[in-house]
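Colleague: Before anything else, here's the structure in question.
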Amino acid sequence: MKLDAPYTLVDFTAGVIDDLSVSDSLLPRNAVRKGMNVMFDRPRGSVTQRLGTTQLGTTVSAGNTITGLHNFRSSTTANHQLLASATTAIYNLSGGVWGATVSGLTTGLKTRFLTYLDAVVFLNGTDAPQSWTGTGAWLAGGGNLDVANMQRGRYAAVLNTRMQVTGVTANPDTVYESSLEASGAISWTSGNRNFRVNPNDGNGNITSIKSNGKLSLIFKERGMYRYDGNELQHIANIGTPSHESVVNDDNGITYFFGTGANGVGFYRTSAGYPSKISRFITRWTEAIAPSFYGDVSGLTNGQKIFWSVGSVSVNDITYSNAWYVWNIADETMELRNYQDRFRVFSSYIDGSGNLTVVGGDADGMVQTINSGNTDNGSAINSECEFGPLYFTTRGRTKVVNEIITYAEHFQGLKLHLKVGGGRYKEIGPINETEKIFSNIEKFRGKAFHLKITAVNSGTPFKLDGFEFNDLDDEGYGK
């Protein structure tokens, strides 16, 4: 029996939902099973290749991992600085060239920065903190932040005009607070204080602190706590092993959690009990190597949150330098992998006033994210596997005689199809805006799986969908 009405598939707004998260029977029609290096919101509903990365300036430290990144914004425009740390030094970008401004530090330590009172301070947990106003020399003493008396912690935040420092090796469950700001300065010897965060409660040591202006969230490896300047509360046994994974945006704080209650995944909180947002990609989050938990790092551009999660193996395929992406507005997930291994990220306002995101990689370079059509010169490999198509009901046998695709900027784009649990067969290149595949092998079965692939260094492709005009229904029991 020939089906009368054409079957169309033209909406992919639900993003990626893997087969360990939702069964085939419950998979929304507008979801895909896997989408590597593709987006579903540019424009919303289509499948579009992601943008690439572009090196920013010269190489910072050839062959060495960038261990810290920060855009210092001064009230004096001329003093704005983009800072990066690598090996034993801290570098700044000037005229497209990275040059060392601090040297002689302990090699290879993760470095965090904080801007406050028109100065930036670095902390790595070992070396004495130093501050800088963006001009002249870095200060080891004095200045607005009283760095000579600051604890050698790993993490810092600002709450109620006090600077908070924690992650001190000798006292790993203590938060140190400066005095209240007065006349544009703080003190660590007068008006300062400290408090302990549920010492020895079985949740590990403090791993991060983030402030939203009204309160600070303090994380241990397996715990999260809320502090408003007076009262400390334990919120949940869902902490983080990685300070770099904690992302603060207008909608709350989002972070990675490796072990403990509710299992590995990504969580979001507005200072209350956190909710798991990665339920759509369970197979992928469980593939993150435990040895990489402490190195998961995140960033946001205000629209999406991106996490670099190392190399993962899913269904016997290894994806190097994988990223998991949360679309804030649509509450959907994307998957990516990159040519380079990014370890730290920062927002960056360039010389033209453009707000961008930059990442520091493991080869000593800083790159602008979502920039250009290649990964720093390498073509982008993309694929998207769509959910099973039954056309009528799951139990009936159908024959696919023709497929129509709709696409723009289709460089390198190819169409593949498999029946049931078989293997994908390449149908052919999608090389027209409306491509009609009519002289194809007759695909016969009950469930059909489409896939597109592309290797592209040009304008990102955009697939708008599929149409099936020639379908036969052979009924049940075939």
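Scheme for the structure tokens: letters A, B, ... for chains in order shown; per-chain residue numbers from 1; ligand numbers from 1 in order shown.
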List the neighbours of stretch 419-429 of chain A out to 10 Å using only C-alpha atoms; skip same-chain residues closer than 2 positions along the sequence, and give me the result as a PDB file with N, CA and C atoms, in the first residue's frame.
Modeller:
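Wrote it out as out.pdb, contents follow:
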ATOM      1  N   PRO A 388      14.858   7.149  15.431  1.00  0.00           N
ATOM      2  CA  PRO A 388      14.257   6.175  14.520  1.00  0.00           C
ATOM      3  C   PRO A 388      12.959   6.692  13.912  1.00  0.00           C
ATOM      4  N   LEU A 389      12.780   6.408  12.622  1.00  0.00           N
ATOM      5  CA  LEU A 389      11.564   6.793  11.903  1.00  0.00           C
ATOM      6  C   LEU A 389      10.735   5.539  11.641  1.00  0.00           C
ATOM      7  N   ILE A 403      14.040   9.989  -0.903  1.00  0.00           N
ATOM      8  CA  ILE A 403      14.295  10.918   0.200  1.00  0.00           C
ATOM      9  C   ILE A 403      14.609  12.284  -0.390  1.00  0.00           C
ATOM     10  N   PHE A 410      25.952  23.567   1.925  1.00  0.00           N
ATOM     11  CA  PHE A 410      26.019  22.121   2.178  1.00  0.00           C
ATOM     12  C   PHE A 410      27.389  21.526   1.863  1.00  0.00           C
ATOM     13  N   GLN A 411      28.465  22.340   1.974  1.00  0.00           N
ATOM     14  CA  GLN A 411      29.800  21.850   1.635  1.00  0.00           C
ATOM     15  C   GLN A 411      30.151  20.581   2.421  1.00  0.00           C
ATOM     16  N   GLY A 412      30.479  19.529   1.686  1.00  0.00           N
ATOM     17  CA  GLY A 412      30.922  18.285   2.304  1.00  0.00           C
ATOM     18  C   GLY A 412      29.838  17.461   2.950  1.00  0.00           C
ATOM     19  N   LEU A 413      28.581  17.885   2.839  1.00  0.00           N
ATOM     20  CA  LEU A 413      27.487  17.217   3.534  1.00  0.00           C
ATOM     21  C   LEU A 413      27.068  15.945   2.798  1.00  0.00           C
ATOM     22  N   LYS A 414      26.917  14.834   3.555  1.00  0.00           N
ATOM     23  CA  LYS A 414      26.510  13.556   2.978  1.00  0.00           C
ATOM     24  C   LYS A 414      25.357  12.968   3.789  1.00  0.00           C
ATOM     25  N   LEU A 415      24.530  12.173   3.101  1.00  0.00           N
ATOM     26  CA  LEU A 415      23.384  11.522   3.722  1.00  0.00           C
ATOM     27  C   LEU A 415      23.629  10.033   3.840  1.00  0.00           C
ATOM     28  N   HIS A 416      23.263   9.473   4.993  1.00  0.00           N
ATOM     29  CA  HIS A 416      23.405   8.039   5.260  1.00  0.00           C
ATOM     30  C   HIS A 416      22.080   7.515   5.825  1.00  0.00           C
ATOM     31  N   LEU A 417      21.838   6.215   5.641  1.00  0.00           N
ATOM     32  CA  LEU A 417      20.614   5.598   6.142  1.00  0.00           C
ATOM     33  C   LEU A 417      20.901   4.155   6.540  1.00  0.00           C
ATOM     34  N   ASN A 431      24.177  18.048  -2.255  1.00  0.00           N
ATOM     35  CA  ASN A 431      24.876  19.106  -2.980  1.00  0.00           C
ATOM     36  C   ASN A 431      23.921  20.073  -3.683  1.00  0.00           C
ATOM     37  N   GLU A 432      22.671  20.072  -3.254  1.00  0.00           N
ATOM     38  CA  GLU A 432      21.693  21.013  -3.771  1.00  0.00           C
ATOM     39  C   GLU A 432      20.809  21.475  -2.617  1.00  0.00           C
ATOM     40  N   LYS A 435      17.592  18.533  -2.550  1.00  0.00           N
ATOM     41  CA  LYS A 435      18.202  17.350  -3.160  1.00  0.00           C
ATOM     42  C   LYS A 435      17.212  16.197  -3.117  1.00  0.00           C
ATOM     43  N   PHE A 437      16.768  12.313  -3.659  1.00  0.00           N
ATOM     44  CA  PHE A 437      17.416  11.008  -3.825  1.00  0.00           C
ATOM     45  C   PHE A 437      16.334  10.016  -4.243  1.00  0.00           C
ATOM     46  N   ASN A 439      16.815   7.571  -7.228  1.00  0.00           N
ATOM     47  CA  ASN A 439      17.368   6.317  -7.758  1.00  0.00           C
ATOM     48  C   ASN A 439      18.273   5.668  -6.720  1.00  0.00           C
ATOM     49  N   ILE A 440      17.668   5.234  -5.632  1.00  0.00           N
ATOM     50  CA  ILE A 440      18.429   4.664  -4.532  1.00  0.00           C
ATOM     51  C   ILE A 440      17.992   3.228  -4.293  1.00  0.00           C
ATOM     52  N   GLU A 441      18.814   2.525  -3.552  1.00  0.00           N
ATOM     53  CA  GLU A 441      18.455   1.184  -3.111  1.00  0.00           C
ATOM     54  C   GLU A 441      17.164   1.253  -2.302  1.00  0.00           C
ATOM     55  N   PHE A 443      15.083   0.618   0.649  1.00  0.00           N
ATOM     56  CA  PHE A 443      15.321   0.270   2.041  1.00  0.00           C
ATOM     57  C   PHE A 443      14.030  -0.257   2.638  1.00  0.00           C
ATOM     58  N   ARG A 444      14.077  -1.489   3.121  1.00  0.00           N
ATOM     59  CA  ARG A 444      12.875  -2.176   3.603  1.00  0.00           C
ATOM     60  C   ARG A 444      13.078  -2.569   5.062  1.00  0.00           C
ATOM     61  N   GLY A 445      12.114  -2.234   5.929  1.00  0.00           N
ATOM     62  CA  GLY A 445      12.208  -2.590   7.334  1.00  0.00           C
ATOM     63  C   GLY A 445      11.139  -1.913   8.150  1.00  0.00           C
ATOM     64  N   LYS A 446      11.325  -1.902   9.463  1.00  0.00           N
ATOM     65  CA  LYS A 446      10.333  -1.311  10.359  1.00  0.00           C
ATOM     66  C   LYS A 446      10.802   0.013  10.966  1.00  0.00           C
ATOM     67  N   ALA A 447      12.108   0.142  11.184  1.00  0.00           N
ATOM     68  CA  ALA A 447      12.670   1.368  11.747  1.00  0.00           C
ATOM     69  C   ALA A 447      13.803   1.837  10.851  1.00  0.00           C
ATOM     70  N   PHE A 448      13.846   3.137  10.593  1.00  0.00           N
ATOM     71  CA  PHE A 448      14.844   3.709   9.687  1.00  0.00           C
ATOM     72  C   PHE A 448      15.596   4.822  10.419  1.00  0.00           C
ATOM     73  N   HIS A 449      16.908   4.857  10.232  1.00  0.00           N
ATOM     74  CA  HIS A 449      17.752   5.809  10.954  1.00  0.00           C
ATOM     75  C   HIS A 449      18.556   6.635   9.948  1.00  0.00           C
ATOM     76  N   LEU A 450      18.335   7.934   9.956  1.00  0.00           N
ATOM     77  CA  LEU A 450      19.062   8.845   9.093  1.00  0.00           C
ATOM     78  C   LEU A 450      20.302   9.377   9.807  1.00  0.00           C
ATOM     79  N   LYS A 451      21.319   9.707   9.031  1.00  0.00           N
ATOM     80  CA  LYS A 451      22.518  10.355   9.559  1.00  0.00           C
ATOM     81  C   LYS A 451      23.093  11.272   8.493  1.00  0.00           C
ATOM     82  N   ILE A 452      23.603  12.423   8.921  1.00  0.00           N
ATOM     83  CA  ILE A 452      24.361  13.281   8.025  1.00  0.00           C
ATOM     84  C   ILE A 452      25.779  13.421   8.560  1.00  0.00           C
ATOM     85  N   THR A 453      26.748  13.564   7.665  1.00  0.00           N
ATOM     86  CA  THR A 453      28.139  13.791   8.042  1.00  0.00           C
ATOM     87  C   THR A 453      28.704  14.900   7.168  1.00  0.00           C
ATOM     88  N   ALA A 454      29.773  15.522   7.654  1.00  0.00           N
ATOM     89  CA  ALA A 454      30.437  16.559   6.866  1.00  0.00           C
ATOM     90  C   ALA A 454      31.850  16.766   7.384  1.00  0.00           C
TER      91      ALA A 454
END
Colleague: Which residues of stretch 253-355 of chain A sit at most 8 Å from stretch 33-51 of chain A, using only C-alpha atoms? Give each one's shortest atom pair and distance in Å (one decimal place), in chain and ascending residue order, as a Markdown table.
Modeller:
| residue | atom | partner | partner_atom | distance |
| --- | --- | --- | --- | --- |
| A:Glu334 | CA | A:Met39 | CA | 6.6 |
| A:Leu335 | CA | A:Met36 | CA | 5.0 |
| A:Arg336 | CA | A:Asn37 | CA | 4.5 |
| A:Asn337 | CA | A:Asn37 | CA | 6.6 |
Colleague: Any chance you can output those residues with N, CA and C atoms as a compact mmCIF listing (two decimals), in the first residue's frame?
Modeller:
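See selection_9.txt below for the written result:
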# COMPACT_ATOMS: atom_id res chain seq x y z
N GLU A 334 23.99 19.87 23.56
CA GLU A 334 24.75 19.65 22.33
C GLU A 334 26.05 18.93 22.69
N LEU A 335 26.68 18.35 21.68
CA LEU A 335 27.97 17.67 21.85
C LEU A 335 28.97 18.25 20.86
N ARG A 336 30.20 18.37 21.31
CA ARG A 336 31.25 18.88 20.42
C ARG A 336 32.56 18.16 20.72
N ASN A 337 33.48 18.21 19.75
CA ASN A 337 34.88 17.91 20.05
C ASN A 337 35.75 18.81 19.19
Colleague: Which residues come within 12 Å of A:Thr135, counting only C-alpha atoms, excluding same-chain residues fewer than 4 positions away, as a PyMOL selection string?
Modeller: chain A and resi 72+74+76-81+92+94+101+118-120+131+139
Colleague: What does the file look like for those residues with C-alpha atoms, as a short mmCIF file (atom, residue, chain, number, x, y, z; two decimals), in the first residue's frame?
Modeller:
data_model
loop_
_atom_site.label_atom_id
_atom_site.label_comp_id
_atom_site.auth_asym_id
_atom_site.auth_seq_id
_atom_site.Cartn_x
_atom_site.Cartn_y
_atom_site.Cartn_z
CA PHE A 72 41.22 42.39 33.85
CA SER A 74 40.13 48.60 34.94
CA THR A 76 41.07 53.29 33.36
CA THR A 77 40.55 51.94 29.85
CA ALA A 78 44.25 52.05 29.01
CA ASN A 79 44.95 49.57 31.81
CA HIS A 80 42.70 46.75 30.56
CA GLN A 81 44.66 43.49 30.36
CA ASN A 92 49.71 39.72 29.21
CA SER A 94 49.90 43.68 24.18
CA THR A 101 54.86 40.16 33.45
CA ASP A 118 40.62 48.34 40.39
CA ALA A 119 43.29 45.68 40.83
CA VAL A 120 43.74 42.06 39.80
CA SER A 131 48.30 42.33 42.62
CA LEU A 139 52.85 44.34 43.93
#
Colleague: What residues in stretch 262-418 of chain A get the DSSP label strand (DSSP E or B)? Please answer as a ChimeraX atom specification.
Modeller: /A:265-269,275-276,297-300,304-314,317-327,332-337,342-349,355-361,366-369,375,378,380-386,389,397-400,403-408,414-418
Colleague: Would you list the contacts of A:Phe306 as a list in words, taking every protein, DNA or RNA residue within 9 Å and counting only C-alpha atoms, but skipping same-chain residues closer than 5 positions in sequence?
Modeller: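 Residues meeting the cut-off are Ser297, Gly298, Leu299, Thr300, Asn301, Trp323, Tyr324, Val325, Trp326 and Asn327 of chain A.
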Colleague: Using the selection just defined, write its residues with C-alpha atoms as a PDB file, in the first residue's frame.
Modeller:
ATOM      1  CA  SER A 297      36.351  23.414  32.858  1.00  0.00           C
ATOM      2  CA  GLY A 298      33.470  25.612  31.774  1.00  0.00           C
ATOM      3  CA  LEU A 299      32.569  28.907  30.151  1.00  0.00           C
ATOM      4  CA  THR A 300      29.483  30.827  29.070  1.00  0.00           C
ATOM      5  CA  ASN A 301      28.689  33.363  26.381  1.00  0.00           C
ATOM      6  CA  TRP A 323      32.720  19.410  25.033  1.00  0.00           C
ATOM      7  CA  TYR A 324      29.191  19.201  26.415  1.00  0.00           C
ATOM      8  CA  VAL A 325      26.998  22.253  25.813  1.00  0.00           C
ATOM      9  CA  TRP A 326      23.877  23.422  27.665  1.00  0.00           C
ATOM     10  CA  ASN A 327      21.526  25.764  25.779  1.00  0.00           C
TER      11      ASN A 327
END
Colleague: Hey, which of A:Gly202, A:Gly134, A:Gly142, A:Gly125 ends up closest to A:Val168? Count only C-alpha atoms.
Modeller: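 Looking only at the distances to A:Val168, the closest residue turns out to be A:Gly125.
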Colleague: With only C-alpha atoms as the atoms that count, which of A:Val147, A:Ala287, A:Ala128, A:Ala84 lies nearest to A:Ala185?
Modeller: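 Of the candidates, the smallest distance to A:Ala185 is held by A:Val147.
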Colleague: Select, from A:Lys304, A:Lys110, A:Arg193, A:Arg283, the residue with the minimum atom-to-atom distance to A:Gln151, counting only C-alpha atoms.
Modeller: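 Smallest separation from A:Gln151 among the options: A:Arg193.
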Colleague: Which residues of stretch 244-283 of chain A come within 12 Å of stretch 346-368 of chain A, and for each one, what is the closest pair of atoms and their distance in Å to one decimal, counting only C-alpha atoms, sorted by chain and residue number, as CSV?
Modeller:
residue,atom,partner,partner_atom,distance
A:Glu244,CA,A:Ser346,CA,10.3
A:Val247,CA,A:Ser346,CA,10.6
A:Asn248,CA,A:Ser347,CA,11.9
A:Asp249,CA,A:Ser347,CA,11.8
Colleague: Compile the contact shell of A:Ala100 as number ranges by chain: residues with an atom at most 7 Å away, counting only C-alpha atoms, same-chain residues fewer than 2 positions apart removed.
Modeller: A: 89-92, 98, 102-103
Colleague: Could you build a table of the residues in stretch 258-315 of chain A lying no more than 7 Å from stretch 217-235 of chain A, giving for each the nearest pair of atoms and their separation in Å rounded to one decimal place, using only C-alpha atoms, ordered by chain and ascending residue number, as a Markdown table?
Modeller:
| residue | atom | partner | partner_atom | distance |
| --- | --- | --- | --- | --- |
| A:Thr259 | CA | A:Arg222 | CA | 6.9 |
| A:Gly260 | CA | A:Arg222 | CA | 6.2 |
| A:Ala271 | CA | A:Arg226 | CA | 6.8 |
| A:Gly272 | CA | A:Ile235 | CA | 6.6 |
| A:Tyr273 | CA | A:Ile235 | CA | 6.1 |
Colleague: For N, CA, C and O atoms, I'd like the residues from the last selection saved as a tab-separated table (two decimals), in the first residue's frame.
Modeller:
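File produced: out_4.tsv:
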chain	number	residue	atom	x	y	z
A	259	THR	N	31.11	12.53	41.84
A	259	THR	CA	30.79	11.36	42.65
A	259	THR	C	29.84	11.74	43.77
A	259	THR	O	29.84	12.87	44.25
A	260	GLY	N	29.02	10.76	44.20
A	260	GLY	CA	28.16	10.99	45.33
A	260	GLY	C	26.68	10.93	44.96
A	260	GLY	O	26.29	10.24	44.02
A	271	ALA	N	21.11	28.84	44.38
A	271	ALA	CA	21.45	28.83	45.81
A	271	ALA	C	20.59	27.85	46.60
A	271	ALA	O	20.82	27.67	47.80
A	272	GLY	N	19.62	27.20	45.95
A	272	GLY	CA	18.86	26.15	46.59
A	272	GLY	C	19.37	24.78	46.17
A	272	GLY	O	20.48	24.66	45.63
A	273	TYR	N	18.57	23.76	46.41
A	273	TYR	CA	18.99	22.41	46.05
A	273	TYR	C	19.21	22.33	44.54
A	273	TYR	O	18.35	22.74	43.76
Colleague: Can you pull out every residue within 10 Å of A:Lys210, counting only C-alpha atoms, but drop anything in the same chain fewer than 2 positions away, and send it as a ChimeraX atom specification?
Modeller: /A:155-159,164,208,212-213,215-219,226,243,246-248,253
Colleague: Would you mind listing what lies within 8 Å of A:Ala407 as a ChimeraX atom specification, with only C-alpha atoms counted and same-chain residues fewer than 2 positions away left out?
Modeller: /A:405,409-410,430,432-434,461-465
Colleague: Between A:Arg343, A:Leu27, A:Thr169, A:Thr318, which is the closest to A:Asn64 once you count only C-alpha atoms?
Modeller: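 Answer, going by the shortest atom-to-atom distance: A:Arg343.
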Colleague: Would you return as a PDB file with N, CA and C atoms, in the first residue's frame the members of stretch 84-303 of chain A that DSSP assigns to alpha helix (DSSP H) on this structure's backbone?
Modeller:
ATOM      1  N   THR A 282      23.034  11.082  29.394  1.00  0.00           N
ATOM      2  CA  THR A 282      23.530  10.204  30.452  1.00  0.00           C
ATOM      3  C   THR A 282      24.715   9.365  29.986  1.00  0.00           C
ATOM      4  N   ARG A 283      24.596   8.783  28.794  1.00  0.00           N
ATOM      5  CA  ARG A 283      25.684   7.932  28.292  1.00  0.00           C
ATOM      6  C   ARG A 283      26.982   8.739  28.165  1.00  0.00           C
ATOM      7  N   TRP A 284      26.872   9.988  27.799  1.00  0.00           N
ATOM      8  CA  TRP A 284      28.057  10.822  27.575  1.00  0.00           C
ATOM      9  C   TRP A 284      28.662  11.299  28.893  1.00  0.00           C
ATOM     10  N   THR A 285      27.834  11.670  29.854  1.00  0.00           N
ATOM     11  CA  THR A 285      28.396  12.119  31.129  1.00  0.00           C
ATOM     12  C   THR A 285      29.065  10.961  31.868  1.00  0.00           C
TER      13      THR A 285
END
Colleague: Hey, can you check how far atom CA of A:Asp250 sits from atom CA of A:Arg341?
Modeller: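 Calculated distance between atom CA of A:Asp250 and atom CA of A:Arg341 is 27.6 Å.
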